[in-house]
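**Q** I am sharing entry_28.cif, which consists of mmCIF, C-alpha atoms:
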data_final
loop_
_atom_site.label_atom_id
_atom_site.label_comp_id
_atom_site.auth_asym_id
_atom_site.auth_seq_id
_atom_site.Cartn_x
_atom_site.Cartn_y
_atom_site.Cartn_z
CA MET A 1 139.43 118.49 110.31
CA THR A 2 141.23 117.01 107.32
CA VAL A 3 139.56 114.20 105.45
CA SER A 4 141.73 111.97 103.31
CA SER A 5 140.99 111.67 99.60
CA GLU A 6 140.58 107.95 100.27
CA ALA A 7 137.73 108.69 102.67
CA ILE A 8 136.10 111.03 100.13
CA ALA A 9 136.39 108.36 97.44
CA TYR A 10 134.83 105.82 99.84
CA LEU A 11 131.92 108.19 100.52
CA GLN A 12 131.39 108.77 96.81
CA GLN A 13 131.32 105.08 96.07
CA GLN A 14 129.24 103.86 98.99
CA ALA A 15 126.75 106.69 99.58
CA PRO A 16 123.21 105.45 98.82
CA VAL A 17 122.55 108.40 96.50
CA ILE A 18 122.99 108.96 92.78
CA PHE A 19 126.38 110.59 92.32
CA LEU A 20 127.46 111.63 88.83
CA VAL A 21 130.12 113.78 87.24
CA LEU A 22 129.12 115.28 83.88
CA GLU A 23 131.10 117.01 81.17
CA GLU A 24 129.88 120.53 80.43
CA ASN A 25 127.95 119.09 77.48
CA GLY A 26 126.06 116.71 79.82
CA VAL A 27 127.88 113.45 79.10
CA VAL A 28 128.52 111.30 82.17
CA VAL A 29 132.19 110.78 82.97
CA ALA A 30 131.93 109.21 86.44
CA ALA A 31 129.28 107.45 88.56
CA ASN A 32 129.30 105.76 91.96
CA GLU A 33 128.26 102.17 92.70
CA HIS A 34 124.73 103.07 93.80
CA THR A 35 124.09 104.88 90.51
CA LYS A 36 125.18 101.80 88.56
CA GLU A 37 122.77 99.69 90.65
CA VAL A 38 119.91 102.13 90.05
CA PHE A 39 120.42 102.25 86.29
CA GLY A 40 121.27 98.55 86.02
CA GLY A 41 124.76 99.32 84.63
CA SER A 42 127.26 102.09 84.27
CA PRO A 43 125.87 105.31 82.77
CA VAL A 44 129.36 106.54 81.87
CA GLY A 45 129.46 107.76 78.27
CA LYS A 46 125.69 108.43 78.12
CA HIS A 47 124.14 111.88 78.07
CA PHE A 48 122.32 112.85 81.28
CA LYS A 49 119.11 113.58 79.32
CA ASP A 50 119.12 109.97 78.10
CA LEU A 51 119.02 108.75 81.72
CA ILE A 52 115.94 110.72 82.67
CA ILE A 53 112.27 110.73 81.68
CA ASP A 54 111.66 113.92 79.72
CA PHE A 55 108.67 113.44 77.41
CA ARG A 56 108.36 117.17 76.66
CA HIS A 57 112.11 117.68 76.12
CA ASN A 58 112.23 120.37 78.75
CA PHE A 59 115.63 119.36 80.06
CA SER A 60 118.62 121.26 78.74
CA ILE A 61 122.10 121.15 80.21
CA ASP A 62 122.35 124.91 79.57
CA LYS A 63 119.33 125.59 81.74
CA ILE A 64 120.52 123.58 84.74
CA ASN A 65 120.05 125.23 88.10
CA GLU A 66 123.53 125.35 89.56
CA ASP A 67 122.45 126.31 93.05
CA PRO A 68 123.11 123.14 95.12
CA SER A 69 120.63 124.29 97.78
CA ARG A 70 117.78 123.98 95.25
CA GLU A 71 116.53 120.54 94.32
CA THR A 72 114.92 119.63 91.02
CA LEU A 73 112.46 116.75 90.83
CA ILE A 74 113.39 114.47 87.92
CA ASN A 75 111.93 111.05 87.14
CA ILE A 76 114.26 108.38 85.86
CA THR A 77 113.86 104.89 84.45
CA THR A 78 115.63 102.36 86.65
CA GLY A 79 117.39 99.24 85.41
CA SER A 80 114.31 97.17 86.31
CA GLY A 81 112.25 99.31 83.92
CA LEU A 82 110.27 100.93 86.71
CA PRO A 83 110.28 104.71 86.92
CA ARG A 84 111.45 106.35 90.15
CA SER A 85 111.46 109.95 91.37
CA TYR A 86 114.69 111.59 92.48
CA TYR A 87 115.50 115.06 93.74
CA PHE A 88 118.63 116.31 91.96
CA THR A 89 121.10 119.07 92.75
CA PHE A 90 123.73 120.36 90.34
CA LYS A 91 126.97 122.23 91.05
CA LYS A 92 129.52 123.36 88.50
CA LEU A 93 133.09 122.74 89.68
CA SER A 94 136.28 122.99 87.59
CA GLY A 95 134.46 122.63 84.28
CA HIS A 96 132.30 119.68 85.39
CA PHE A 97 128.81 119.28 86.80
CA ILE A 98 128.68 117.45 90.12
CA VAL A 99 125.22 115.83 90.33
CA PHE A 100 123.51 114.32 93.38
CA GLY A 101 120.16 112.57 93.26
CA ARG A 102 118.23 111.41 96.33
CA ILE A 103 114.90 109.78 97.05
CA ASP A 104 112.68 111.63 99.50
CA PHE A 105 112.17 108.84 102.01
CA GLU A 106 109.83 110.91 104.16
CA GLU A 107 107.56 111.47 101.18
CA PHE A 108 107.88 107.79 100.32
CA GLU A 109 106.94 106.76 103.85
CA LYS A 110 104.03 109.20 103.92
CA MET A 111 102.68 107.71 100.70
CA GLN A 112 103.19 104.20 102.10
CA ARG A 113 101.21 105.12 105.20
CA GLU A 114 98.42 106.50 103.03
CA VAL A 115 98.32 103.35 100.90
CA ILE A 116 98.25 101.17 104.02
CA SER A 117 95.47 103.28 105.50
CA LEU A 118 93.44 103.08 102.27
CA ASN A 119 93.99 99.34 102.15
CA LYS A 120 92.74 98.99 105.72
CA ASP A 121 89.67 101.10 104.93
CA LEU A 122 89.00 99.00 101.85
CA ASN A 123 89.27 95.78 103.86
CA ASN A 124 87.00 97.17 106.56
CA LEU A 125 84.46 98.24 103.94
CA THR A 126 84.62 94.76 102.37
CA ARG A 127 83.91 93.29 105.79
CA GLU A 128 80.92 95.62 106.23
CA LEU A 129 79.68 94.70 102.76
CA TYR A 130 79.77 90.98 103.58
CA LYS A 131 77.95 91.70 106.82
CA LYS A 132 75.25 93.77 105.13
CA ASN A 133 74.88 91.14 102.40
CA ALA A 134 74.40 88.42 105.00
CA LEU A 135 71.77 90.59 106.69
CA LEU A 136 70.05 91.21 103.36
CA LYS A 137 70.02 87.49 102.60
CA LYS A 138 68.46 86.78 105.98
CA THR A 139 65.83 89.50 105.45
CA ASN A 140 65.03 88.06 102.01
CA ASP A 141 64.75 84.54 103.46
CA ASP A 142 62.41 85.82 106.20
CA LEU A 143 60.40 87.70 103.58
CA LYS A 144 60.02 84.58 101.46
CA ILE A 145 58.81 82.58 104.47
CA ALA A 146 56.30 85.37 105.27
CA ASN A 147 55.14 85.52 101.64
CA ASP A 148 54.64 81.76 101.46
CA LYS A 149 52.64 82.00 104.66
CA ILE A 150 50.44 84.77 103.21
CA VAL A 151 49.81 82.72 100.05
CA GLU A 152 48.93 79.69 102.15
CA ILE A 153 46.56 81.74 104.34
CA SER A 154 44.86 83.24 101.25
CA ARG A 155 44.08 79.73 99.99
CA ARG A 156 42.34 78.53 103.13
CA ASP A 157 39.04 79.36 104.77
CA PRO A 158 39.81 81.22 108.03
CA LEU A 159 37.17 79.34 109.99
CA THR A 160 37.47 75.78 108.76
CA GLN A 161 41.11 75.91 107.57
CA LEU A 162 39.96 73.96 104.52
CA TYR A 163 41.11 75.00 101.03
CA ASN A 164 38.83 77.74 99.66
CA ARG A 165 37.41 78.41 96.20
CA ARG A 166 40.44 80.52 95.17
CA TYR A 167 42.74 77.55 95.78
CA PHE A 168 40.66 75.23 93.62
CA GLU A 169 40.35 77.81 90.84
CA GLU A 170 44.12 78.36 90.83
CA LYS A 171 44.65 74.60 90.81
CA LYS A 172 42.17 74.12 87.98
CA GLY A 173 43.81 76.91 85.96
CA LEU A 174 47.25 75.36 86.38
CA GLU A 175 45.92 71.92 85.41
CA ARG A 176 44.30 73.39 82.29
CA ILE A 177 47.58 75.02 81.24
CA ALA A 178 49.42 71.76 81.92
CA GLY A 179 46.96 69.92 79.69
CA ILE A 180 47.28 72.25 76.66
CA HIS A 181 49.35 71.02 73.72
CA PRO A 182 52.65 72.99 73.43
CA LYS A 183 51.73 74.07 69.88
CA ARG A 184 48.50 75.58 71.19
CA VAL A 185 50.45 77.41 73.96
CA ARG A 186 52.74 78.97 71.32
CA THR A 187 49.70 80.16 69.34
CA ILE A 188 48.18 81.75 72.46
CA VAL A 189 51.48 83.51 73.26
CA ALA A 190 51.78 84.77 69.65
CA GLN A 191 48.21 86.09 69.75
CA ALA A 192 48.86 87.80 73.09
CA ARG A 193 52.00 89.45 71.67
CA GLU A 194 50.09 90.65 68.66
CA MET A 195 47.38 92.10 70.87
CA THR A 196 49.94 93.83 73.11
CA GLY A 197 51.65 95.25 70.05
CA GLU A 198 48.36 96.62 68.78
CA ALA A 199 47.61 98.14 72.15
CA GLU A 200 51.07 99.78 72.31
CA LYS A 201 50.70 101.11 68.82
CA GLY A 202 47.26 102.46 69.65
CA ARG A 203 48.62 104.20 72.73
CA HIS A 204 51.42 105.88 70.81
CA THR A 205 49.02 107.08 68.12
CA TRP A 206 46.74 108.47 70.74
CA LEU A 207 49.62 110.33 72.43
CA GLU A 208 50.71 111.74 69.09
CA GLU A 209 47.20 113.00 68.45
CA LYS A 210 47.22 114.68 71.86
CA GLY A 211 50.57 116.27 71.10
CA GLU A 212 52.30 114.44 73.95
CA GLY A 213 54.21 111.98 71.88
CA LYS A 214 56.15 114.32 69.63
CA GLY A 215 59.17 112.65 68.15
CA ARG A 216 58.10 109.20 69.28
CA LEU A 217 57.82 106.24 67.02
CA VAL A 218 54.20 105.89 65.98
CA MET B 5 94.57 70.48 109.99
CA VAL B 6 97.26 73.20 110.17
CA ASP B 7 100.34 71.05 110.67
CA GLU B 8 103.85 72.39 111.18
CA ASN B 9 104.83 71.88 107.53
CA LEU B 10 101.83 73.77 106.23
CA TYR B 11 102.37 76.56 108.74
CA GLN B 12 106.06 76.98 107.89
CA GLY B 13 105.31 77.03 104.16
CA TYR B 14 102.59 79.61 104.68
CA LEU B 15 104.83 81.80 106.87
CA LYS B 16 107.60 81.67 104.28
CA ALA B 17 105.20 82.72 101.51
CA LEU B 18 103.72 85.45 103.74
CA LEU B 19 107.14 86.94 104.53
CA ALA B 20 108.12 86.83 100.87
CA GLY B 21 104.88 88.60 99.89
CA ARG B 22 103.61 85.68 97.79
CA ARG B 23 99.93 86.58 98.09
CA SER B 24 98.55 83.94 95.72
CA GLU B 25 100.42 81.12 97.50
CA CYS B 26 98.94 82.23 100.84
CA HIS B 27 95.52 82.51 99.19
CA ASP B 28 95.80 78.94 97.84
CA THR B 29 96.76 77.62 101.28
CA VAL B 30 93.74 79.24 102.91
CA THR B 31 91.24 78.26 100.21
CA GLY B 32 92.61 74.70 100.44
CA LEU B 33 92.04 74.63 104.19
CA LEU B 34 88.53 76.10 103.83
CA ALA B 35 87.67 73.54 101.16
CA ALA B 36 88.89 70.82 103.52
CA GLY B 37 86.46 72.13 106.14
CA ILE B 38 88.73 73.87 108.63
CA GLY B 39 86.93 75.73 111.43
CA VAL B 40 87.19 79.51 111.40
CA LYS B 41 88.69 79.65 114.89
CA GLU B 42 91.31 77.05 114.09
CA LEU B 43 92.24 78.96 110.94
CA TYR B 44 92.50 82.22 112.86
CA ASP B 45 94.33 80.72 115.80
CA ARG B 46 96.75 78.32 114.17
CA LEU B 47 97.49 80.15 110.94
CA PHE B 48 96.62 83.86 110.98
CA GLN B 49 97.36 84.69 114.60
CA ARG B 50 100.43 82.47 114.90
CA SER B 51 101.98 83.79 111.69
CA MET B 52 101.23 87.43 112.47
CA TYR B 53 102.64 87.08 116.00
CA ARG B 54 105.79 85.65 114.38
CA VAL B 55 105.89 88.55 111.92
CA GLY B 56 105.65 90.94 114.89
CA GLU B 57 108.49 89.16 116.66
CA LEU B 58 110.71 89.24 113.56
CA TRP B 59 110.06 92.97 113.25
CA GLU B 60 110.88 93.53 116.92
CA GLU B 61 114.13 91.59 116.42
CA ASN B 62 115.00 93.75 113.36
CA GLN B 63 114.97 90.68 111.15
CA ILE B 64 112.37 92.11 108.79
CA THR B 65 111.54 95.67 107.70
CA VAL B 66 108.44 97.71 108.44
CA ALA B 67 107.52 97.25 104.77
CA ASN B 68 107.69 93.43 105.17
CA GLU B 69 105.44 93.65 108.19
CA HIS B 70 102.93 95.85 106.36
CA LEU B 71 102.88 93.52 103.38
CA ALA B 72 102.25 90.48 105.59
CA THR B 73 99.47 92.35 107.39
CA SER B 74 97.90 93.42 104.13
CA ILE B 75 97.95 89.87 102.76
CA THR B 76 96.42 88.47 105.96
CA GLU B 77 93.67 91.11 106.01
CA GLY B 78 92.82 90.26 102.42
CA LEU B 79 92.60 86.57 103.35
CA LEU B 80 90.13 87.31 106.15
CA ASN B 81 87.66 88.23 103.37
CA LEU B 82 87.56 84.57 102.37
CA VAL B 83 86.03 83.64 105.71
CA TYR B 84 83.32 86.30 105.88
CA PRO B 85 80.59 84.34 104.07
CA THR B 86 80.86 81.70 106.82
CA ILE B 87 81.18 84.15 109.69
CA PHE B 88 78.22 86.36 108.85
CA ALA B 89 75.94 83.44 108.03
CA SER B 90 75.86 82.28 111.66
CA GLU B 91 72.68 82.51 113.73
CA ARG B 92 72.27 85.89 115.53
CA ILE B 93 71.78 86.01 119.32
CA ASP B 94 70.85 89.69 119.78
CA LYS B 95 74.09 90.71 121.52
CA LYS B 96 76.25 93.64 120.48
CA ALA B 97 79.89 94.50 120.98
CA VAL B 98 82.06 97.42 119.92
CA ILE B 99 85.60 96.37 119.05
CA SER B 100 88.29 98.94 118.59
CA CYS B 101 91.99 99.66 118.62
CA SER B 102 93.03 102.41 121.01
CA ALA B 103 94.21 105.81 119.81
CA ASN B 104 97.65 105.65 118.18
CA GLU B 105 97.34 101.88 117.69
CA PHE B 106 97.65 101.24 113.98
CA HIS B 107 97.61 97.43 114.06
CA GLN B 108 93.98 96.45 113.55
CA ILE B 109 94.12 92.82 112.48
CA GLY B 110 93.91 91.39 116.03
CA GLY B 111 90.84 93.50 116.83
CA LYS B 112 89.26 92.48 113.57
CA MET B 113 89.76 88.80 114.36
CA VAL B 114 88.10 89.35 117.76
CA ALA B 115 85.15 91.02 115.98
CA ASP B 116 84.93 88.07 113.59
CA ILE B 117 84.94 85.49 116.40
CA MET B 118 82.11 87.44 118.00
CA GLU B 119 80.16 87.39 114.73
CA LEU B 120 80.81 83.67 114.45
CA ASN B 121 79.21 83.28 117.88
CA GLY B 122 76.12 85.23 116.83
CA TRP B 123 77.16 88.60 118.21
CA ASP B 124 76.87 91.80 116.23
CA GLY B 125 80.51 92.90 116.26
CA HIS B 126 80.91 96.58 115.40
CA PHE B 127 84.54 96.95 114.40
CA LEU B 128 85.85 100.53 114.47
CA GLY B 129 89.32 99.94 113.03
CA ALA B 130 92.76 101.23 113.84
CA ASN B 131 93.70 104.41 115.71
CA THR B 132 90.20 105.24 116.95
CA PRO B 133 90.11 108.55 118.85
CA ILE B 134 88.59 108.23 122.34
CA GLU B 135 85.79 110.74 121.56
CA ALA B 136 84.77 108.75 118.47
CA LEU B 137 84.77 105.52 120.50
CA LEU B 138 82.58 107.06 123.20
CA GLU B 139 80.16 108.50 120.64
CA TYR B 140 79.82 105.12 118.97
CA VAL B 141 79.26 103.34 122.29
CA GLN B 142 76.60 105.93 123.13
CA GLU B 143 74.88 105.29 119.80
CA ILE B 144 75.10 101.49 119.72
CA ARG B 145 74.71 100.75 123.44
CA PRO B 146 76.67 97.49 123.25
CA ASP B 147 76.74 94.65 125.74
CA LEU B 148 80.53 94.99 125.91
CA VAL B 149 83.52 96.81 124.47
CA ALA B 150 86.71 95.04 123.39
CA LEU B 151 89.96 96.97 123.02
CA SER B 152 92.95 95.63 121.13
CA LEU B 153 96.59 96.53 121.82
CA SER B 154 99.51 95.35 119.71
CA ILE B 155 102.38 97.57 120.87
CA LEU B 156 102.99 97.60 124.63
CA SER B 157 104.31 101.17 124.55
CA ASN B 158 100.77 102.29 123.61
CA ILE B 159 99.38 101.04 126.90
CA GLY B 160 98.90 104.64 128.11
CA ASN B 161 96.41 105.22 125.30
CA LEU B 162 94.61 102.01 126.20
CA THR B 163 94.22 102.99 129.86
CA GLN B 164 92.96 106.43 128.78
CA SER B 165 90.31 104.72 126.66
CA ILE B 166 89.32 102.46 129.57
CA ASP B 167 89.16 105.45 131.94
CA ALA B 168 86.90 107.31 129.50
CA ILE B 169 84.60 104.32 128.99
CA LYS B 170 84.34 103.59 132.68
CA SER B 171 83.66 107.26 133.41
CA ASP B 172 80.79 107.53 130.88
CA PHE B 173 79.49 103.94 131.07
CA PRO B 174 80.46 102.57 134.49
CA SER B 175 78.54 99.30 134.19
CA LEU B 176 79.80 98.44 130.69
CA ASP B 177 82.16 95.46 130.59
CA VAL B 178 85.47 95.94 128.80
CA LEU B 179 87.65 93.19 127.35
CA ILE B 180 91.30 93.87 126.54
CA GLY B 181 93.74 91.75 124.57
CA GLY B 182 96.31 91.62 121.83
CA GLN B 183 99.92 90.82 121.10
CA ALA B 184 101.17 93.55 123.48
CA PHE B 185 100.06 91.52 126.49
CA ARG B 186 102.55 88.80 125.67
CA TRP B 187 105.23 91.15 126.99
CA GLY B 188 103.42 92.69 129.99
CA GLY B 189 100.59 94.98 130.96
CA ALA B 190 98.43 92.25 132.48
CA ASP B 191 98.08 94.31 135.67
CA VAL B 192 95.94 96.88 133.79
CA ALA B 193 92.91 94.59 133.96
CA ARG B 194 93.32 94.22 137.72
CA GLN B 195 93.16 98.00 138.22
CA TYR B 196 89.53 98.21 137.12
CA ALA B 197 86.29 96.50 137.98
CA GLY B 198 84.61 95.04 134.91
CA VAL B 199 87.76 94.90 132.79
CA GLU B 200 89.06 91.50 131.76
CA LEU B 201 92.21 90.50 129.91
CA ILE B 202 91.48 87.89 127.22
CA PRO B 203 94.75 86.22 126.27
CA SER B 204 93.50 84.05 123.39
CA LEU B 205 90.68 83.51 120.91
CA ASP B 206 89.84 80.26 122.73
CA GLU B 207 89.27 82.14 125.97
CA LEU B 208 87.25 84.77 124.13
CA GLU B 209 84.96 82.11 122.74
CA ASN B 210 84.60 80.44 126.15
CA LEU B 211 83.66 83.78 127.67
CA LEU B 212 81.13 84.57 124.93
CA LYS B 213 79.41 81.26 125.54
CA LYS B 214 78.97 82.15 129.20
CA ILE B 215 77.44 85.60 128.58
#
Translate this file's structure into structure tokens.

**A**
Amino acid sequence: MTVSSEAIAYLQQQAPVIFLVLEENGVVVAANEHTKEVFGGSPVGKHFKDLIIDFRHNFSIDKINEDPSRETLINITTGSGLPRSYYFTFKKLSGHFIVFGRIDFEEFEKMQREVISLNKDLNNLTRELYKKNALLKKTNDDLKIANDKIVEISRRDPLTQLYNRRYFEEKKGLERIAGIHPKRVRTIVAQAREMTGEAEKGRHTWLEEKGEGKGRLV
Amino acid sequence: MVDENLYQGYLKALLAGRRSECHDTVTGLLAAGIGVKELYDRLFQRSMYRVGELWEENQITVANEHLATSITEGLLNLVYPTIFASERIDKKAVISCSANEFHQIGGKMVADIMELNGWDGHFLGANTPIEALLEYVQEIRPDLVALSLSILSNIGNLTQSIDAIKSDFPSLDVLIGGQAFRWGGADVARQYAGVELIPSLDELENLLKKI
């Protein structure tokens, strides 16, 4: 079968792959339409290494694998600024490098499926979390009702259901606190803090004496 | 509350992947006091059925469909505080997609409507293997099982699941439903005793109120 040069040119231009022709020194001399779209403009005149991401400067035109059956993974920066991974093949013909770059759509689709699956799992876990939270809230509400009931029971005489001594003592205590001048309350709190501090200090000293508090602040 | 204008605007944003616009629409409706079922029925289900149709007609890509699904699933989270706060009635259901069925959003909406009606809806997710479904049913001992089908060509997997359930738990009621049944498959329910096709969320709710 003979294919016209016109058909070949059409294939070159329209194929949805990166198609480049490089000089032996790596400078691009021809690119198809898809390549221009990928890079956001014509790469003609640029060096191939300037089109790719090569932080460690590993790429060298002299070290190119010329076997077209072997693909090399190379990341590039697209015209939109986003990096993209391509599999490149290189073939030396008549003093030029013929370069093809393709995206692995199967790999892409596999990753997409994984992301979708993870997203579903995340959404399902979120749903479970809401459900468990609602259950927890209900348990807490029930617990509060039960607690209130216990407090109420503890304040009443089981036989007469009248308020017991405990209730009146609690009430009296609360009324006494309510009646204290705020300045007096602050003094009581300060005294209590001082006493607690003394107690803490005493405890630490005691531990140190027993050899249990080594290295602790005394 | 979901008028045609609002729906069309939401659908457009959903197809374009404008997540925050969809989010604003839903939060607006929730703030205005929309009922969960109305939201599910008139907005989520209607738009996702339309997305499915557009995909079947090759008018949108698989990626578009996945994006729309992902956005919708994320929006369901907004409704959960309402759904799970409803009064419990001590009834349990296991809701699952059959094996090889990767579209879970319909099943999830069924589980949510059950929760809204006080049921404990155990949702197993997409592509649940039959053995895993049976094990879960054995463990939970639900009052019913609901199976969701989105793609009619997966109906063989659905019938296999029904056969397995009916073999191990003959008296357990099974509900089936999903977008697939818009195109056929209604005769499946007639082949079994205790299997009912539920064509809409309205009918699901009516049925739950009778149980």

**Q** Could you spell out the hits of the PyMOL selection byres ((chain A) within 10 of (chain B)) on the shown file, as number ranges by chain?

**A** A: 109, 112-113, 116-117, 119-124, 126-135, 137-138

**Q** Applying the PyMOL selection byres ((chain B and resi 40) around 9) to the file I just gave you, which residues come out? Please list them as a VMD selection string.

**A** chain B and resid 34 38 to 39 41 to 45 83 86 to 87 117 120

**Q** Give me, please, the distance in Å between CA of Asn75 in chain A and CA of Ile53 in chain A, quoted to one decimal.

**A**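 Between these atoms lies a distance of 5.5 Å.
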
**Q** Out of B:Ser171, B:Gln12, B:Ser154, B:Ser24, which residue has the shortest atom-to-atom distance to Gly188 in chain B when counting only C-alpha atoms?

**A**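 Counting only C-alpha atoms, the residue closest to Gly188 in chain B is B:Ser154.
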
**Q** Could you spell out the hits of the PyMOL selection byres ((chain A and resi 6-18) around 12) on the shown file, as a ChimeraX atom specification?

**A** /A:2-5,19-21,30-39,42-43,51,76,78,85-90,98-105

**Q** Arg23 in chain B: which residues within 9 Å, counting all atoms listed in the file, same-chain residues fewer than 4 positions away excluded, as a VMD selection string?

**A** chain B and resid 17 to 18 27 to 28 72 75 to 76

**Q** In the coordinate frame of the file, compute which residues have an atom within 12 Å of (94.0, 81.7, 122.8) when using only C-alpha atoms, and state them as a list in words.

**A**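 Neighbouring residues, ordered by chain and number, come to Lys41, Glu42, Tyr44, Asp45, Arg46, Gln49, Arg50, Gly110, Met113, Val114, Ile117, Gly181, Gly182, Gln183, Arg186, Leu201, Ile202, Pro203, Ser204, Leu205, Asp206, Glu207, Leu208, Glu209, Asn210 and Leu211 of chain B.
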
**Q** Write to file, as a compact mmCIF listing (two decimals), keeping the file's coordinate frame, the residues of the selection just made, with C-alpha atoms.

**A**
# COMPACT_ATOMS: atom_id res chain seq x y z
CA LYS B 41 88.69 79.65 114.89
CA GLU B 42 91.31 77.05 114.09
CA TYR B 44 92.50 82.22 112.86
CA ASP B 45 94.33 80.72 115.80
CA ARG B 46 96.75 78.32 114.17
CA GLN B 49 97.36 84.69 114.60
CA ARG B 50 100.43 82.47 114.90
CA GLY B 110 93.91 91.39 116.03
CA MET B 113 89.76 88.80 114.36
CA VAL B 114 88.10 89.35 117.76
CA ILE B 117 84.94 85.49 116.40
CA GLY B 181 93.74 91.75 124.57
CA GLY B 182 96.31 91.62 121.83
CA GLN B 183 99.92 90.82 121.10
CA ARG B 186 102.55 88.80 125.67
CA LEU B 201 92.21 90.50 129.91
CA ILE B 202 91.48 87.89 127.22
CA PRO B 203 94.75 86.22 126.27
CA SER B 204 93.50 84.05 123.39
CA LEU B 205 90.68 83.51 120.91
CA ASP B 206 89.84 80.26 122.73
CA GLU B 207 89.27 82.14 125.97
CA LEU B 208 87.25 84.77 124.13
CA GLU B 209 84.96 82.11 122.74
CA ASN B 210 84.60 80.44 126.15
CA LEU B 211 83.66 83.78 127.67

**Q** What does the distance between CA of Gln164 in chain B and CA of Ala103 in chain B come to in Å, to one decimal place?

**A**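 For CA of Gln164 in chain B relative to CA of Ala103 in chain B, the distance reads 9.1 Å.
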
**Q** Figure out the distance between CA of Asp191 in chain B and CA of Leu162 in chain B, please, to one decimal in Å.

**A** 12.7 Å

**Q** Tell me which residues come within 12 Å of (107.3, 79.9, 107.3), as a list in words, counting all atoms listed in the file in the file's coordinates.

**A**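 Applying the cut-off with all atoms listed in the file, one gets Asp7, Glu8, Asn9, Leu10, Tyr11, Gln12, Gly13, Tyr14, Leu15, Lys16, Ala17, Leu18, Leu19, Ala20, Gly21, Arg22, Cys26, Leu47, Phe48, Arg50, Ser51, Met52, Arg54, Val55, Leu58 and Ala72 of chain B.
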